[in-house]
file model-v8.cif (mmCIF, C-alpha atoms)
data_query
loop_
_atom_site.label_atom_id
_atom_site.label_comp_id
_atom_site.auth_asym_id
_atom_site.auth_seq_id
_atom_site.Cartn_x
_atom_site.Cartn_y
_atom_site.Cartn_z
CA MET A 1 -34.90 -33.20 -5.85
CA ASP A 2 -35.86 -31.69 -9.12
CA ASP A 3 -33.58 -29.63 -11.35
CA SER A 4 -35.02 -26.24 -10.40
CA THR A 5 -34.42 -26.88 -6.68
CA LEU A 6 -30.83 -27.95 -7.36
CA LEU A 7 -30.28 -24.85 -9.49
CA LYS A 8 -31.60 -22.57 -6.72
CA ILE A 9 -29.34 -24.26 -4.14
CA ALA A 10 -26.32 -23.98 -6.45
CA ILE A 11 -26.95 -20.26 -7.06
CA LEU A 12 -27.47 -19.60 -3.35
CA VAL A 13 -24.27 -21.44 -2.36
CA SER A 14 -22.26 -19.73 -5.13
CA THR A 15 -23.51 -16.30 -4.10
CA ALA A 16 -22.74 -16.96 -0.43
CA GLY A 17 -19.23 -18.11 -1.40
CA LEU A 18 -18.58 -14.95 -3.42
CA ILE A 19 -19.77 -12.76 -0.56
CA MET A 20 -17.49 -14.61 1.87
CA LEU A 21 -14.51 -14.20 -0.49
CA PHE A 22 -15.21 -10.47 -0.74
CA PHE A 23 -15.23 -10.03 3.05
CA VAL A 24 -12.15 -12.21 3.58
CA SER A 25 -10.19 -10.27 0.96
CA SER A 26 -11.24 -6.96 2.55
CA TYR A 27 -9.75 -7.93 5.90
CA THR A 28 -6.64 -9.70 4.68
CA SER A 29 -3.48 -7.69 5.26
CA PRO A 30 -1.00 -7.28 2.44
CA ALA A 31 2.32 -9.09 2.66
CA ASN A 32 5.11 -7.46 4.70
CA VAL A 33 8.14 -7.75 2.45
CA LYS A 34 11.72 -6.64 2.13
CA ILE A 35 12.38 -4.11 -0.61
CA SER A 36 14.72 -6.50 -2.43
CA GLU A 37 11.83 -8.98 -2.80
CA ILE A 38 9.69 -6.54 -4.81
CA THR A 39 9.77 -7.02 -8.58
CA TYR A 40 7.97 -5.59 -11.58
CA ASP A 41 5.59 -8.56 -11.31
CA ASP A 42 4.30 -6.92 -8.09
CA VAL A 43 3.04 -3.77 -9.84
CA GLY A 44 -0.59 -3.31 -8.82
CA ARG A 45 -0.27 -5.35 -5.63
CA TYR A 46 -0.59 -3.96 -2.11
CA MET A 47 2.37 -4.59 0.18
CA VAL A 48 3.76 -3.43 3.49
CA LEU A 49 7.33 -2.15 3.75
CA THR A 50 9.35 -0.98 6.71
CA GLY A 51 12.34 1.26 6.08
CA LYS A 52 14.44 4.19 7.12
CA ILE A 53 13.92 7.50 5.33
CA THR A 54 17.03 8.52 3.38
CA SER A 55 15.58 11.61 1.70
CA LYS A 56 12.43 13.70 1.57
CA TYR A 57 11.09 16.16 -0.98
CA GLU A 58 7.92 18.21 -0.58
CA HIS A 59 6.41 19.50 -3.82
CA LYS A 60 4.75 22.92 -3.90
CA ASP A 61 1.43 21.20 -4.74
CA GLY A 62 1.52 19.24 -1.46
CA HIS A 63 2.91 15.93 -2.71
CA ILE A 64 5.57 14.26 -0.54
CA PHE A 65 8.28 12.06 -2.02
CA LEU A 66 10.41 9.86 0.23
CA ASP A 67 13.28 7.51 -0.43
CA ILE A 68 13.52 4.65 2.06
CA THR A 69 15.91 1.77 2.62
CA ASP A 70 15.61 -1.44 4.62
CA GLY A 71 19.16 -2.68 4.18
CA THR A 72 18.17 -4.93 1.27
CA GLY A 73 17.25 -2.19 -1.20
CA ASP A 74 15.82 1.27 -1.77
CA MET A 75 12.28 2.33 -2.70
CA LYS A 76 10.49 5.56 -3.51
CA VAL A 77 7.36 6.39 -1.52
CA VAL A 78 4.96 8.74 -3.28
CA MET A 79 2.26 10.49 -1.27
CA PHE A 80 0.05 12.59 -3.45
CA SER A 81 -1.43 15.72 -1.90
CA SER A 82 -4.77 13.98 -1.31
CA THR A 83 -2.97 11.52 0.98
CA ALA A 84 -0.39 13.93 2.43
CA SER A 85 -3.14 16.37 3.50
CA THR A 86 -4.65 13.68 5.77
CA LEU A 87 -1.47 13.15 7.80
CA ASP A 88 -1.57 14.39 11.39
CA SER A 89 1.17 16.67 12.75
CA ASN A 90 2.88 13.85 14.70
CA LEU A 91 3.23 11.73 11.59
CA LEU A 92 4.39 14.69 9.52
CA ALA A 93 7.10 15.33 12.13
CA CYS A 94 8.18 11.70 11.79
CA LEU A 95 8.66 11.95 8.03
CA GLU A 96 12.26 13.10 8.29
CA LYS A 97 15.59 11.66 7.23
CA GLY A 98 16.75 8.89 9.56
CA LYS A 99 13.28 8.01 10.89
CA THR A 100 11.83 4.53 10.38
CA ILE A 101 8.33 4.16 8.95
CA GLU A 102 6.01 1.38 7.87
CA ILE A 103 4.09 1.92 4.66
CA LYS A 104 1.17 -0.02 3.25
CA GLY A 105 0.60 0.82 -0.37
CA LYS A 106 0.25 -0.17 -3.97
CA VAL A 107 3.40 -0.98 -5.91
CA ASP A 108 3.64 1.06 -9.09
CA GLU A 109 6.18 1.79 -11.81
CA TYR A 110 7.14 5.30 -12.91
CA LYS A 111 9.79 5.94 -15.54
CA GLY A 112 11.18 2.44 -15.08
CA ASP A 113 11.49 2.67 -11.29
CA LEU A 114 9.34 0.87 -8.74
CA GLU A 115 7.57 2.92 -6.07
CA ILE A 116 4.97 2.39 -3.40
CA ILE A 117 1.94 4.64 -3.13
CA PRO A 118 -0.03 4.73 0.14
CA LYS A 119 -3.76 5.25 -0.37
CA GLU A 120 -4.52 7.15 2.85
CA GLY A 121 -2.74 8.69 5.82
CA GLY A 122 -3.44 5.65 7.99
CA ASP A 123 -1.29 3.57 5.66
CA ILE A 124 1.85 5.15 7.13
CA ILE A 125 3.04 4.37 10.66
CA CYS A 126 5.99 5.99 12.43
CA LYS A 127 8.19 3.28 13.93
CA THR A 128 10.75 5.71 15.42
CA PRO A 129 9.60 7.16 18.76
#
call {"tool": "encode", "arguments": {"input": "model-v8.cif", "output": "structure tokens"}}
result
Amino acid sequence: MDDSTLLKIAILVSTAGLIMLFFVSSYTSPANVKISEITYDDVGRYMVLTGKITSKYEHKDGHIFLDITDGTGDMKVVMFSSTASTLDSNLLACLEKGKTIEIKGKVDEYKGDLEIIPKEGGDIICKTP
């Protein structure tokens, strides 16, 4: 084979590999972790947490702030109004003190504290019937 044929094959295989990596990463679920396992090194990563709501605050602009615990630690959950407005009435009813929820979101830091920020309403699941 000549050099131009090898180059075309190499580019084709590389492109196919990148496309496969993109699709695999799109369908890979984030890690389900305990709150105590989350560190500042995790800022920017997507994770799944399960915990019991210990407090809830609803801001006048539609944001919802939750504190949750899983027995290993505590974490703030921040739902901005763009996310909170997509929650259905059953899920909103579940977001009360004492209820258990599962949250998929991005770990962030605000004023030195770690928090998790769900991207959309489907990132929150009520685990308490």
call {"tool": "residues_near_point", "arguments": {"input": "model-v8.cif", "point": "(6.4, 4.0, 12.5)", "cutoff": "8 Å", "atoms": "only C-alpha atoms", "output": "count of residues only"}}
result
10
call {"tool": "closest_residue", "arguments": {"input": "model-v8.cif", "among": "A:Glu58, A:Asp70, A:Asp113, A:Glu37", "to": "Leu92 in chain A", "atoms": "all atoms listed in the file"}}
result
A:Glu58
call {"tool": "atom_distance", "arguments": {"input": "model-v8.cif", "atom1": "CA of Thr69 in chain A", "atom2": "CA of Gly44 in chain A"}}
result
20.7 Å
call {"tool": "atom_distance", "arguments": {"input": "model-v8.cif", "atom1": "CA of Thr54 in chain A", "atom2": "CA of Asn90 in chain A"}}
result
18.9 Å
call {"tool": "resolve_selection", "arguments": {"input": "model-v8.cif", "expression": "the PyMOL selection byres ((chain A and resi 59) around 12)", "output": "VMD selection string"}}
result
chain A and resid 56 to 58 60 to 66 78 to 81 84
call {"tool": "resolve_selection", "arguments": {"input": "model-v8.cif", "expression": "the PyMOL selection byres ((chain A and resi 118) around 6)", "output": "list in words"}}
result
Lys104, Gly105, Ile117, Lys119, Glu120 and Asp123 of chain A
call {"tool": "resolve_selection", "arguments": {"input": "model-v8.cif", "expression": "the PyMOL selection byres ((chain A and resi 49) around 7)", "output": "PyMOL selection string"}}
result
chain A and resi 32-35+47-48+50-51+102-104
call {"tool": "decode", "arguments": {"input": "model-v8.cif", "residues": "range 24-53 of chain A", "atoms": "N, CA, C and O atoms", "output": "CSV table (one decimal), in the first residue's frame"}}
result
chain,number,residue,atom,x,y,z
A,24,VAL,N,-20.5,6.5,23.3
A,24,VAL,CA,-20.3,5.7,24.5
A,24,VAL,C,-20.4,6.7,25.7
A,24,VAL,O,-21.1,6.4,26.7
A,25,SER,N,-19.8,7.8,25.6
A,25,SER,CA,-19.8,8.7,26.7
A,25,SER,C,-21.2,9.3,26.9
A,25,SER,O,-21.5,9.7,28.1
A,26,SER,N,-21.9,9.5,25.9
A,26,SER,CA,-23.3,10.0,26.0
A,26,SER,C,-24.2,9.1,26.7
A,26,SER,O,-25.2,9.5,27.4
A,27,TYR,N,-24.0,7.8,26.7
A,27,TYR,CA,-24.9,6.8,27.3
A,27,TYR,C,-24.3,6.2,28.6
A,27,TYR,O,-24.9,5.3,29.1
A,28,THR,N,-23.2,6.7,29.0
A,28,THR,CA,-22.6,6.2,30.2
A,28,THR,C,-23.2,6.9,31.4
A,28,THR,O,-23.2,8.1,31.4
A,29,SER,N,-23.7,6.2,32.4
A,29,SER,CA,-24.3,6.8,33.6
A,29,SER,C,-23.2,7.3,34.5
A,29,SER,O,-22.1,6.7,34.6
A,30,PRO,N,-23.4,8.5,35.2
A,30,PRO,CA,-22.5,8.9,36.1
A,30,PRO,C,-22.4,8.0,37.3
A,30,PRO,O,-23.3,7.2,37.6
A,31,ALA,N,-21.3,8.1,38.1
A,31,ALA,CA,-21.1,7.2,39.2
A,31,ALA,C,-22.1,7.5,40.3
A,31,ALA,O,-22.4,8.7,40.6
A,32,ASN,N,-22.7,6.5,41.0
A,32,ASN,CA,-23.6,6.6,42.1
A,32,ASN,C,-22.7,6.5,43.4
A,32,ASN,O,-22.0,5.5,43.6
A,33,VAL,N,-22.6,7.6,44.1
A,33,VAL,CA,-21.6,7.7,45.2
A,33,VAL,C,-22.3,8.1,46.5
A,33,VAL,O,-23.4,8.7,46.5
A,34,LYS,N,-21.6,7.9,47.6
A,34,LYS,CA,-22.0,8.4,48.9
A,34,LYS,C,-21.5,9.8,49.0
A,34,LYS,O,-20.4,10.2,48.4
A,35,ILE,N,-22.2,10.6,49.7
A,35,ILE,CA,-21.9,12.0,49.9
A,35,ILE,C,-20.4,12.2,50.4
A,35,ILE,O,-19.7,13.1,50.0
A,36,SER,N,-20.1,11.4,51.4
A,36,SER,CA,-18.7,11.5,52.0
A,36,SER,C,-17.6,11.2,51.0
A,36,SER,O,-16.5,11.6,51.3
A,37,GLU,N,-17.9,10.6,49.9
A,37,GLU,CA,-16.9,10.3,48.9
A,37,GLU,C,-16.6,11.5,47.9
A,37,GLU,O,-15.7,11.4,47.2
A,38,ILE,N,-17.5,12.5,48.0
A,38,ILE,CA,-17.3,13.6,47.1
A,38,ILE,C,-16.3,14.6,47.6
A,38,ILE,O,-16.4,15.0,48.8
A,39,THR,N,-15.4,15.0,46.8
A,39,THR,CA,-14.3,16.0,47.2
A,39,THR,C,-14.3,17.1,46.2
A,39,THR,O,-15.0,17.1,45.2
A,40,TYR,N,-13.5,18.1,46.5
A,40,TYR,CA,-13.4,19.3,45.6
A,40,TYR,C,-12.8,18.9,44.3
A,40,TYR,O,-12.9,19.6,43.3
A,41,ASP,N,-12.1,17.7,44.2
A,41,ASP,CA,-11.6,17.2,43.0
A,41,ASP,C,-12.7,16.8,42.0
A,41,ASP,O,-12.5,16.7,40.8
A,42,ASP,N,-13.9,16.6,42.6
A,42,ASP,CA,-15.1,16.2,41.8
A,42,ASP,C,-15.8,17.4,41.1
A,42,ASP,O,-16.8,17.1,40.4
A,43,VAL,N,-15.4,18.6,41.4
A,43,VAL,CA,-16.1,19.7,40.9
A,43,VAL,C,-16.1,19.6,39.4
A,43,VAL,O,-15.0,19.4,38.8
A,44,GLY,N,-17.3,19.8,38.7
A,44,GLY,CA,-17.4,19.7,37.3
A,44,GLY,C,-17.8,18.3,36.8
A,44,GLY,O,-18.2,18.1,35.6
A,45,ARG,N,-17.8,17.3,37.7
A,45,ARG,CA,-18.1,15.9,37.3
A,45,ARG,C,-19.6,15.7,37.6
A,45,ARG,O,-20.2,16.3,38.5
A,46,TYR,N,-20.2,14.8,36.8
A,46,TYR,CA,-21.6,14.4,37.0
A,46,TYR,C,-21.6,13.2,37.9
A,46,TYR,O,-20.9,12.2,37.7
A,47,MET,N,-22.5,13.2,38.9
A,47,MET,CA,-22.6,12.1,39.8
A,47,MET,C,-24.1,11.9,40.2
A,47,MET,O,-24.9,12.7,39.9
A,48,VAL,N,-24.3,10.7,40.8
A,48,VAL,CA,-25.7,10.4,41.2
A,48,VAL,C,-25.6,10.2,42.8
A,48,VAL,O,-24.7,9.5,43.2
A,49,LEU,N,-26.5,10.9,43.5
A,49,LEU,CA,-26.6,10.8,44.9
A,49,LEU,C,-28.0,10.3,45.3
A,49,LEU,O,-28.9,10.7,44.7
A,50,THR,N,-28.1,9.6,46.4
A,50,THR,CA,-29.4,9.3,47.0
A,50,THR,C,-29.3,9.7,48.4
A,50,THR,O,-28.4,9.4,49.1
A,51,GLY,N,-30.4,10.5,48.8
A,51,GLY,CA,-30.4,11.0,50.2
A,51,GLY,C,-31.7,11.4,50.6
A,51,GLY,O,-32.7,11.6,49.8
A,52,LYS,N,-31.8,11.6,51.9
A,52,LYS,CA,-33.1,12.1,52.6
A,52,LYS,C,-33.0,13.6,52.7
A,52,LYS,O,-32.0,14.2,53.1
A,53,ILE,N,-34.1,14.3,52.3
A,53,ILE,CA,-34.2,15.7,52.4
A,53,ILE,C,-34.3,16.1,53.9
A,53,ILE,O,-35.2,15.6,54.6
